[in-house]
Structures are given as structure tokens and as C-alpha cells.
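Reviewing the structure listed below.
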Amino acid sequence: MTSDALDNSVTLCRSCDLVIRKRALPTGVRALCPRCHTQLYDTPYCSLNGMLALCITAIIFFFPANTYPVLELEFLGSMRTTTVLEGALAVYQQGYWIVAIAVMTAAVIAPGILLMSILIQIVIIKHGLQHRLLRSILKQALKLQGLLTQLTMLEIYVISFLVAAFNLADFATVSFGFGTFCFTMLFIMNLFLLREYDLEHMWSFLEK
Ligand SMILES: [Zn+2]
């Protein structure tokens, strides 16, 4: 941990290779190389409130994204719809239970826990940093963050809807439902949220 903290606190200038010790910056300020004035790093762009708004929006989309049909197929007059959960269940019933678990983890469980975890982290940083118990919860959540981010793979499902639509378009009428819209919105919110989320910055609140 100590050597990690040391490595993180030092950076190299991209153009003149000067070794620079990183320091915490106030919002909207950018660090420049003292020798050649190249831009080195800046503070995370998004404020906690911005992340909170993205996080709550993503959670609102999370529930319809998983319960409404993501794909509607009309083939010879009969209509078939499927949700993410039904898809996982269908794969399970065909005997591919490992695939079903992977689908459930990457599309439903990990994104759900990830969003709740970020929400809890932000609320604790904003209101509960004085409490010892809440601080330890925040610490655990930050430790889990990397794993949850790796397990969350919403983009694979957005791509798979599109692939299915192109492949099936010749045989059946494919239409995207309300669930597809919610899933895509969930994906976009998640993308922006994780773009703004900075683990190192989140850890720095605990050091205060
Ligand atoms: Zn430089």
C-alpha cells in the first residue's frame, strides 16, 4: 500500500521527462510542468453532485431496463418478446448454466451493485465522513470498486441487440421496445458515470 501510494504520487512530464510530485488540486485547476509548461494532469471534471445526478438517473433506468422487453420479434404473425432476465433463464434451461450466470452477473447483478455502491460512497463522502462505521463502509466499497467495474459489461448487451437486429432482419420483423431504450440509457449513464469517477480522488476523501 505504501509503495502504491508513492508510485501514484509521482508523475513524469510527457515532453521533457521531468519527475514531478503530484499534489491535490482545487477544482478547475490544471497542473503544468515547471520546466516546459506541458499540461500534466487536472482535477476530475465532475463534482460529487454531478456524479450523484448521473448515478440516480442510472438507478432509475436500471429497473425498467431489466424488466421490460429488450427485443421484440415478429415472425409469421406471432410476436415474441424477451427481457434480459428471460434471456438468461432461457440459456440456463438449455443447459448452459455457466453462460447464464455470466449473463446475470455482467448485465444485472454487477451493474446493480456498482450503482448502489457509488451512490453509498457519494452519500457518505457528502454527509458521513465523521462517523467511524460509515468511513469503514466507504473503505470497503472503494476496495470492491475495481472488481465491480470489471464485472460490469453492459456494452456487450447493447452490441448484441444490434447484432441480433441485423441478423434477424431478413426473417422477422425486429423492433426495439421500451426496455431497449432503458437499457441503452443505463449504458450511457453508466459510461459517463465511470468516466467521471476517479478512484484515487475518492480515496483522497478518506485521508482528510
Ligand atoms: Zn516538462
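We label chains A, B, ... in the order they appear in the C-alpha cells, count residues from 1 in each chain, and number ligands from 1 in the order shown.
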Cut-off 10 Å: closest chain A/ligand 1 atom pairs per residue, using only C-alpha atoms and all ligand atoms, as CSV:
```
residue,atom,partner,partner_atom_place_in_ligand_line,distance
A:Leu12,CA,ligand 1,1 (Zn),8.1
A:Cys13,CA,ligand 1,1 (Zn),4.7
A:Arg14,CA,ligand 1,1 (Zn),6.6
A:Ser15,CA,ligand 1,1 (Zn),5.3
A:Cys16,CA,ligand 1,1 (Zn),4.1
A:Asp17,CA,ligand 1,1 (Zn),6.1
A:Leu18,CA,ligand 1,1 (Zn),5.6
A:Val19,CA,ligand 1,1 (Zn),8.6
A:Ile20,CA,ligand 1,1 (Zn),9.1
A:Leu32,CA,ligand 1,1 (Zn),7.9
A:Cys33,CA,ligand 1,1 (Zn),4.6
A:Pro34,CA,ligand 1,1 (Zn),6.6
A:Arg35,CA,ligand 1,1 (Zn),5.1
A:Cys36,CA,ligand 1,1 (Zn),4.2
A:His37,CA,ligand 1,1 (Zn),6.0
A:Thr38,CA,ligand 1,1 (Zn),5.6
A:Gln39,CA,ligand 1,1 (Zn),8.4
A:Leu40,CA,ligand 1,1 (Zn),8.4
```
- Could you name the residues that touch region 169-173 of chain A at 8 Å or less, counting only C-alpha atoms, but leaving out those on the same chain fewer than 4 positions away, as a list in words? Leu73, Glu74, Phe75, Leu76 and Ala165 of chain A
Any chance you can output those residues with all heavy atoms as a PDB file, in the first residue's frame?
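Generated file (again.pdb):
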```
ATOM      1  N   LEU A  73     -39.712  -9.601 -31.476  1.00  0.00           N
ATOM      2  CA  LEU A  73     -39.602 -10.266 -32.776  1.00  0.00           C
ATOM      3  C   LEU A  73     -40.983 -10.640 -33.290  1.00  0.00           C
ATOM      4  O   LEU A  73     -41.779 -11.225 -32.563  1.00  0.00           O
ATOM      5  CB  LEU A  73     -38.811 -11.573 -32.630  1.00  0.00           C
ATOM      6  CG  LEU A  73     -37.308 -11.486 -32.474  1.00  0.00           C
ATOM      7  CD1 LEU A  73     -36.753 -12.893 -32.308  1.00  0.00           C
ATOM      8  CD2 LEU A  73     -36.690 -10.827 -33.681  1.00  0.00           C
ATOM      9  N   GLU A  74     -41.243 -10.289 -34.549  1.00  0.00           N
ATOM     10  CA  GLU A  74     -42.498 -10.743 -35.138  1.00  0.00           C
ATOM     11  C   GLU A  74     -42.158 -11.661 -36.290  1.00  0.00           C
ATOM     12  O   GLU A  74     -41.496 -11.269 -37.250  1.00  0.00           O
ATOM     13  CB  GLU A  74     -43.329  -9.546 -35.608  1.00  0.00           C
ATOM     14  CG  GLU A  74     -44.783  -9.921 -35.788  1.00  0.00           C
ATOM     15  CD  GLU A  74     -45.589  -8.813 -36.431  1.00  0.00           C
ATOM     16  OE1 GLU A  74     -45.155  -7.647 -36.359  1.00  0.00           O
ATOM     17  OE2 GLU A  74     -46.632  -9.131 -37.014  1.00  0.00           O
ATOM     18  N   PHE A  75     -42.558 -12.922 -36.178  1.00  0.00           N
ATOM     19  CA  PHE A  75     -42.201 -13.922 -37.165  1.00  0.00           C
ATOM     20  C   PHE A  75     -43.463 -14.709 -37.539  1.00  0.00           C
ATOM     21  O   PHE A  75     -44.085 -15.327 -36.676  1.00  0.00           O
ATOM     22  CB  PHE A  75     -41.143 -14.851 -36.577  1.00  0.00           C
ATOM     23  CG  PHE A  75     -40.638 -15.873 -37.550  1.00  0.00           C
ATOM     24  CD1 PHE A  75     -39.996 -15.476 -38.724  1.00  0.00           C
ATOM     25  CD2 PHE A  75     -40.791 -17.222 -37.297  1.00  0.00           C
ATOM     26  CE1 PHE A  75     -39.535 -16.426 -39.627  1.00  0.00           C
ATOM     27  CE2 PHE A  75     -40.325 -18.173 -38.195  1.00  0.00           C
ATOM     28  CZ  PHE A  75     -39.694 -17.762 -39.360  1.00  0.00           C
ATOM     29  N   LEU A  76     -43.856 -14.681 -38.823  1.00  0.00           N
ATOM     30  CA  LEU A  76     -45.065 -15.355 -39.308  1.00  0.00           C
ATOM     31  C   LEU A  76     -46.278 -15.039 -38.447  1.00  0.00           C
ATOM     32  O   LEU A  76     -47.035 -15.933 -38.065  1.00  0.00           O
ATOM     33  CB  LEU A  76     -44.842 -16.873 -39.354  1.00  0.00           C
ATOM     34  CG  LEU A  76     -43.758 -17.366 -40.317  1.00  0.00           C
ATOM     35  CD1 LEU A  76     -43.553 -18.858 -40.184  1.00  0.00           C
ATOM     36  CD2 LEU A  76     -44.123 -17.004 -41.757  1.00  0.00           C
ATOM     37  N   ALA A 165     -30.483  -7.709 -34.293  1.00  0.00           N
ATOM     38  CA  ALA A 165     -31.374  -6.973 -35.192  1.00  0.00           C
ATOM     39  C   ALA A 165     -30.932  -7.125 -36.644  1.00  0.00           C
ATOM     40  O   ALA A 165     -31.744  -7.389 -37.533  1.00  0.00           O
ATOM     41  CB  ALA A 165     -31.400  -5.502 -34.784  1.00  0.00           C
TER      42      ALA A 165
END
```
- Item | Spatial neighbours of Ala106 (chain A), 7 Å, only C-alpha atoms, chain gap at least 2 places, as a ChimeraX atom specification | /A:102-104,108-110,151-154
Contacts of region 192-197 of chain A within 12 Å, only C-alpha atoms, excl. fewer than 2 positions in-chain, as a PDB file with N, CA, C and O atoms, in the first residue's frame:
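Wrote around33.pdb, looks like this:
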```pdb
ATOM      1  N   THR A  43      -7.825  18.136 -12.146  1.00  0.00           N
ATOM      2  CA  THR A  43      -8.742  17.529 -11.191  1.00  0.00           C
ATOM      3  C   THR A  43      -9.862  16.848 -11.967  1.00  0.00           C
ATOM      4  O   THR A  43     -10.169  17.245 -13.085  1.00  0.00           O
ATOM      5  N   PRO A  44     -10.485  15.813 -11.376  1.00  0.00           N
ATOM      6  CA  PRO A  44     -11.629  15.185 -12.046  1.00  0.00           C
ATOM      7  C   PRO A  44     -12.651  16.263 -12.380  1.00  0.00           C
ATOM      8  O   PRO A  44     -12.952  17.103 -11.539  1.00  0.00           O
ATOM      9  N   TYR A  45     -13.165  16.213 -13.592  1.00  0.00           N
ATOM     10  CA  TYR A  45     -14.026  17.279 -14.093  1.00  0.00           C
ATOM     11  C   TYR A  45     -15.343  17.349 -13.322  1.00  0.00           C
ATOM     12  O   TYR A  45     -15.837  18.421 -13.002  1.00  0.00           O
ATOM     13  N   CYS A  46     -15.910  16.178 -13.039  1.00  0.00           N
ATOM     14  CA  CYS A  46     -17.245  16.151 -12.454  1.00  0.00           C
ATOM     15  C   CYS A  46     -17.209  16.326 -10.943  1.00  0.00           C
ATOM     16  O   CYS A  46     -16.368  15.769 -10.272  1.00  0.00           O
ATOM     17  N   SER A  47     -18.140  17.089 -10.440  1.00  0.00           N
ATOM     18  CA  SER A  47     -18.254  17.256  -8.998  1.00  0.00           C
ATOM     19  C   SER A  47     -19.000  16.060  -8.427  1.00  0.00           C
ATOM     20  O   SER A  47     -19.570  15.253  -9.156  1.00  0.00           O
ATOM     21  N   LEU A  48     -19.001  15.948  -7.113  1.00  0.00           N
ATOM     22  CA  LEU A  48     -19.757  14.869  -6.467  1.00  0.00           C
ATOM     23  C   LEU A  48     -21.235  14.972  -6.819  1.00  0.00           C
ATOM     24  O   LEU A  48     -21.898  13.966  -7.041  1.00  0.00           O
ATOM     25  N   ASN A  49     -21.759  16.202  -6.887  1.00  0.00           N
ATOM     26  CA  ASN A  49     -23.173  16.378  -7.212  1.00  0.00           C
ATOM     27  C   ASN A  49     -23.489  15.896  -8.621  1.00  0.00           C
ATOM     28  O   ASN A  49     -24.536  15.311  -8.865  1.00  0.00           O
ATOM     29  N   GLY A  50     -22.577  16.152  -9.554  1.00  0.00           N
ATOM     30  CA  GLY A  50     -22.756  15.687 -10.929  1.00  0.00           C
ATOM     31  C   GLY A  50     -22.798  14.171 -10.978  1.00  0.00           C
ATOM     32  O   GLY A  50     -23.658  13.576 -11.646  1.00  0.00           O
ATOM     33  N   MET A  51     -21.872  13.542 -10.251  1.00  0.00           N
ATOM     34  CA  MET A  51     -21.851  12.077 -10.214  1.00  0.00           C
ATOM     35  C   MET A  51     -23.105  11.539  -9.556  1.00  0.00           C
ATOM     36  O   MET A  51     -23.662  10.528  -9.989  1.00  0.00           O
ATOM     37  N   LEU A  52     -23.566  12.237  -8.502  1.00  0.00           N
ATOM     38  CA  LEU A  52     -24.777  11.812  -7.806  1.00  0.00           C
ATOM     39  C   LEU A  52     -25.971  11.828  -8.762  1.00  0.00           C
ATOM     40  O   LEU A  52     -26.760  10.877  -8.808  1.00  0.00           O
ATOM     41  N   ALA A  53     -26.075  12.893  -9.574  1.00  0.00           N
ATOM     42  CA  ALA A  53     -27.181  13.008 -10.537  1.00  0.00           C
ATOM     43  C   ALA A  53     -27.120  11.873 -11.563  1.00  0.00           C
ATOM     44  O   ALA A  53     -28.137  11.226 -11.857  1.00  0.00           O
ATOM     45  N   LEU A  54     -25.920  11.597 -12.105  1.00  0.00           N
ATOM     46  CA  LEU A  54     -25.756  10.514 -13.082  1.00  0.00           C
ATOM     47  C   LEU A  54     -26.117   9.168 -12.452  1.00  0.00           C
ATOM     48  O   LEU A  54     -26.772   8.326 -13.077  1.00  0.00           O
ATOM     49  N   CYS A  55     -25.684   8.993 -11.212  1.00  0.00           N
ATOM     50  CA  CYS A  55     -25.887   7.728 -10.512  1.00  0.00           C
ATOM     51  C   CYS A  55     -27.384   7.481 -10.276  1.00  0.00           C
ATOM     52  O   CYS A  55     -27.889   6.386 -10.541  1.00  0.00           O
ATOM     53  N   ILE A  56     -28.095   8.510  -9.801  1.00  0.00           N
ATOM     54  CA  ILE A  56     -29.536   8.351  -9.542  1.00  0.00           C
ATOM     55  C   ILE A  56     -30.284   8.096 -10.856  1.00  0.00           C
ATOM     56  O   ILE A  56     -31.161   7.222 -10.923  1.00  0.00           O
ATOM     57  N   THR A  57     -29.908   8.816 -11.923  1.00  0.00           N
ATOM     58  CA  THR A  57     -30.549   8.598 -13.230  1.00  0.00           C
ATOM     59  C   THR A  57     -30.335   7.153 -13.683  1.00  0.00           C
ATOM     60  O   THR A  57     -31.272   6.495 -14.164  1.00  0.00           O
ATOM     61  N   ALA A  58     -29.106   6.655 -13.524  1.00  0.00           N
ATOM     62  CA  ALA A  58     -28.805   5.278 -13.939  1.00  0.00           C
ATOM     63  C   ALA A  58     -29.639   4.287 -13.140  1.00  0.00           C
ATOM     64  O   ALA A  58     -30.153   3.306 -13.694  1.00  0.00           O
ATOM     65  N   ILE A  59     -29.800   4.541 -11.834  1.00  0.00           N
ATOM     66  CA  ILE A  59     -30.581   3.620 -10.993  1.00  0.00           C
ATOM     67  C   ILE A  59     -32.057   3.623 -11.429  1.00  0.00           C
ATOM     68  O   ILE A  59     -32.699   2.571 -11.469  1.00  0.00           O
ATOM     69  N   PRO A 111     -23.775  -4.520 -12.389  1.00  0.00           N
ATOM     70  CA  PRO A 111     -24.147  -3.107 -12.578  1.00  0.00           C
ATOM     71  C   PRO A 111     -25.021  -2.585 -11.438  1.00  0.00           C
ATOM     72  O   PRO A 111     -24.857  -1.441 -11.009  1.00  0.00           O
ATOM     73  N   LEU A 114     -22.806  -2.087  -8.432  1.00  0.00           N
ATOM     74  CA  LEU A 114     -21.894  -0.970  -8.741  1.00  0.00           C
ATOM     75  C   LEU A 114     -22.588   0.379  -8.522  1.00  0.00           C
ATOM     76  O   LEU A 114     -22.044   1.274  -7.869  1.00  0.00           O
ATOM     77  N   LEU A 115     -23.817   0.517  -9.053  1.00  0.00           N
ATOM     78  CA  LEU A 115     -24.546   1.785  -8.920  1.00  0.00           C
ATOM     79  C   LEU A 115     -24.880   2.078  -7.461  1.00  0.00           C
ATOM     80  O   LEU A 115     -24.706   3.202  -6.988  1.00  0.00           O
ATOM     81  N   ILE A 118     -21.657   3.157  -5.648  1.00  0.00           N
ATOM     82  CA  ILE A 118     -21.237   4.537  -5.925  1.00  0.00           C
ATOM     83  C   ILE A 118     -22.171   5.520  -5.208  1.00  0.00           C
ATOM     84  O   ILE A 118     -21.713   6.505  -4.624  1.00  0.00           O
ATOM     85  N   LEU A 119     -23.478   5.205  -5.207  1.00  0.00           N
ATOM     86  CA  LEU A 119     -24.446   6.068  -4.510  1.00  0.00           C
ATOM     87  C   LEU A 119     -24.091   6.166  -3.019  1.00  0.00           C
ATOM     88  O   LEU A 119     -24.033   7.268  -2.452  1.00  0.00           O
ATOM     89  N   GLN A 121     -21.179   5.552  -1.603  1.00  0.00           N
ATOM     90  CA  GLN A 121     -19.898   6.262  -1.453  1.00  0.00           C
ATOM     91  C   GLN A 121     -20.115   7.777  -1.463  1.00  0.00           C
ATOM     92  O   GLN A 121     -19.570   8.500  -0.620  1.00  0.00           O
ATOM     93  N   ILE A 122     -20.908   8.261  -2.436  1.00  0.00           N
ATOM     94  CA  ILE A 122     -21.109   9.708  -2.560  1.00  0.00           C
ATOM     95  C   ILE A 122     -21.846  10.257  -1.335  1.00  0.00           C
ATOM     96  O   ILE A 122     -21.458  11.285  -0.775  1.00  0.00           O
ATOM     97  N   LEU A 142     -14.758   1.168  -1.659  1.00  0.00           N
ATOM     98  CA  LEU A 142     -13.684   1.586  -2.565  1.00  0.00           C
ATOM     99  C   LEU A 142     -12.791   0.410  -2.940  1.00  0.00           C
ATOM    100  O   LEU A 142     -12.303   0.317  -4.068  1.00  0.00           O
ATOM    101  N   GLN A 145     -14.593  -1.567  -5.634  1.00  0.00           N
ATOM    102  CA  GLN A 145     -14.899  -0.809  -6.842  1.00  0.00           C
ATOM    103  C   GLN A 145     -14.268  -1.388  -8.118  1.00  0.00           C
ATOM    104  O   GLN A 145     -14.941  -1.561  -9.132  1.00  0.00           O
ATOM    105  N   GLY A 146     -12.980  -1.714  -8.046  1.00  0.00           N
ATOM    106  CA  GLY A 146     -12.261  -2.216  -9.221  1.00  0.00           C
ATOM    107  C   GLY A 146     -12.894  -3.486  -9.768  1.00  0.00           C
ATOM    108  O   GLY A 146     -13.128  -3.612 -10.978  1.00  0.00           O
ATOM    109  N   LEU A 148     -15.992  -4.615  -9.291  1.00  0.00           N
ATOM    110  CA  LEU A 148     -17.336  -4.361  -9.825  1.00  0.00           C
ATOM    111  C   LEU A 148     -17.272  -3.724 -11.206  1.00  0.00           C
ATOM    112  O   LEU A 148     -18.061  -4.051 -12.088  1.00  0.00           O
ATOM    113  N   THR A 149     -16.320  -2.803 -11.397  1.00  0.00           N
ATOM    114  CA  THR A 149     -16.178  -2.149 -12.698  1.00  0.00           C
ATOM    115  C   THR A 149     -15.812  -3.171 -13.770  1.00  0.00           C
ATOM    116  O   THR A 149     -16.321  -3.124 -14.888  1.00  0.00           O
ATOM    117  N   GLN A 150     -14.928  -4.121 -13.391  1.00  0.00           N
ATOM    118  CA  GLN A 150     -14.512  -5.135 -14.369  1.00  0.00           C
ATOM    119  C   GLN A 150     -15.645  -6.090 -14.717  1.00  0.00           C
ATOM    120  O   GLN A 150     -15.744  -6.564 -15.846  1.00  0.00           O
ATOM    121  N   THR A 152     -18.856  -5.380 -14.722  1.00  0.00           N
ATOM    122  CA  THR A 152     -19.954  -4.705 -15.404  1.00  0.00           C
ATOM    123  C   THR A 152     -19.663  -4.616 -16.898  1.00  0.00           C
ATOM    124  O   THR A 152     -18.712  -3.972 -17.307  1.00  0.00           O
ATOM    125  N   MET A 185     -30.003   3.708 -22.279  1.00  0.00           N
ATOM    126  CA  MET A 185     -29.814   4.867 -21.411  1.00  0.00           C
ATOM    127  C   MET A 185     -28.987   4.492 -20.184  1.00  0.00           C
ATOM    128  O   MET A 185     -28.108   5.240 -19.765  1.00  0.00           O
ATOM    129  N   LEU A 186     -29.273   3.310 -19.621  1.00  0.00           N
ATOM    130  CA  LEU A 186     -28.494   2.814 -18.480  1.00  0.00           C
ATOM    131  C   LEU A 186     -27.025   2.707 -18.860  1.00  0.00           C
ATOM    132  O   LEU A 186     -26.136   3.133 -18.113  1.00  0.00           O
ATOM    133  N   PHE A 187     -26.788   2.161 -20.061  1.00  0.00           N
ATOM    134  CA  PHE A 187     -25.422   2.010 -20.566  1.00  0.00           C
ATOM    135  C   PHE A 187     -24.726   3.368 -20.698  1.00  0.00           C
ATOM    136  O   PHE A 187     -23.590   3.547 -20.255  1.00  0.00           O
ATOM    137  N   ILE A 188     -25.435   4.357 -21.262  1.00  0.00           N
ATOM    138  CA  ILE A 188     -24.839   5.681 -21.472  1.00  0.00           C
ATOM    139  C   ILE A 188     -24.557   6.379 -20.122  1.00  0.00           C
ATOM    140  O   ILE A 188     -23.474   6.927 -19.914  1.00  0.00           O
ATOM    141  N   MET A 189     -25.532   6.314 -19.216  1.00  0.00           N
ATOM    142  CA  MET A 189     -25.345   6.923 -17.885  1.00  0.00           C
ATOM    143  C   MET A 189     -24.166   6.293 -17.161  1.00  0.00           C
ATOM    144  O   MET A 189     -23.354   6.967 -16.542  1.00  0.00           O
ATOM    145  N   ASN A 190     -24.094   4.950 -17.250  1.00  0.00           N
ATOM    146  CA  ASN A 190     -23.015   4.212 -16.621  1.00  0.00           C
ATOM    147  C   ASN A 190     -21.655   4.616 -17.207  1.00  0.00           C
ATOM    148  O   ASN A 190     -20.676   4.806 -16.484  1.00  0.00           O
ATOM    149  N   LEU A 199     -11.085   6.799  -8.833  1.00  0.00           N
ATOM    150  CA  LEU A 199     -10.888   6.036  -7.596  1.00  0.00           C
ATOM    151  C   LEU A 199      -9.886   6.723  -6.672  1.00  0.00           C
ATOM    152  O   LEU A 199     -10.112   6.832  -5.467  1.00  0.00           O
ATOM    153  N   GLU A 200      -8.816   7.218  -7.252  1.00  0.00           N
ATOM    154  CA  GLU A 200      -7.775   7.881  -6.459  1.00  0.00           C
ATOM    155  C   GLU A 200      -8.356   9.108  -5.744  1.00  0.00           C
ATOM    156  O   GLU A 200      -8.082   9.361  -4.571  1.00  0.00           O
ATOM    157  N   HIS A 201      -9.198   9.845  -6.483  1.00  0.00           N
ATOM    158  CA  HIS A 201      -9.843  11.031  -5.929  1.00  0.00           C
ATOM    159  C   HIS A 201     -10.793  10.641  -4.789  1.00  0.00           C
ATOM    160  O   HIS A 201     -10.855  11.322  -3.764  1.00  0.00           O
ATOM    161  N   MET A 202     -11.515   9.519  -4.960  1.00  0.00           N
ATOM    162  CA  MET A 202     -12.440   9.062  -3.925  1.00  0.00           C
ATOM    163  C   MET A 202     -11.669   8.654  -2.661  1.00  0.00           C
ATOM    164  O   MET A 202     -12.089   8.947  -1.547  1.00  0.00           O
ATOM    165  N   TRP A 203     -10.527   7.976  -2.844  1.00  0.00           N
ATOM    166  CA  TRP A 203      -9.700   7.596  -1.689  1.00  0.00           C
ATOM    167  C   TRP A 203      -9.223   8.834  -0.930  1.00  0.00           C
ATOM    168  O   TRP A 203      -9.088   8.816   0.286  1.00  0.00           O
TER     169      TRP A 203
END
```
- Query: Which polymer residues have any atom within 9 Å of an atom of Ala141 (chain A), counting only C-alpha atoms, with same-chain residues fewer than 2 positions away left out, as a PyMOL selection string?
  - Reply: chain A and resi 117-118+120-121+136-139+143-145
- Kindly give the distance, in Å, that separates CA of Tyr92 (chain A) and CA of Pro69 (chain A), rounded to a single decimal.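 Separation between CA of Tyr92 (chain A) and CA of Pro69 (chain A): 18.3 Å.
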- Query: Between CA of Tyr157 (chain A) and CA of Val84 (chain A), what is the distance, to one decimal in Å?
  - Reply: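 Value for the CA of Tyr157 (chain A)-CA of Val84 (chain A) distance: 9.0 Å.
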- Apply DSSP to the backbone of this structure and, from region 88-190 of chain A, keep only the residues in helix (DSSP H, G or I); write these as number ranges by chain. A: 88-93, 97-127, 132-151, 154-168, 178-190
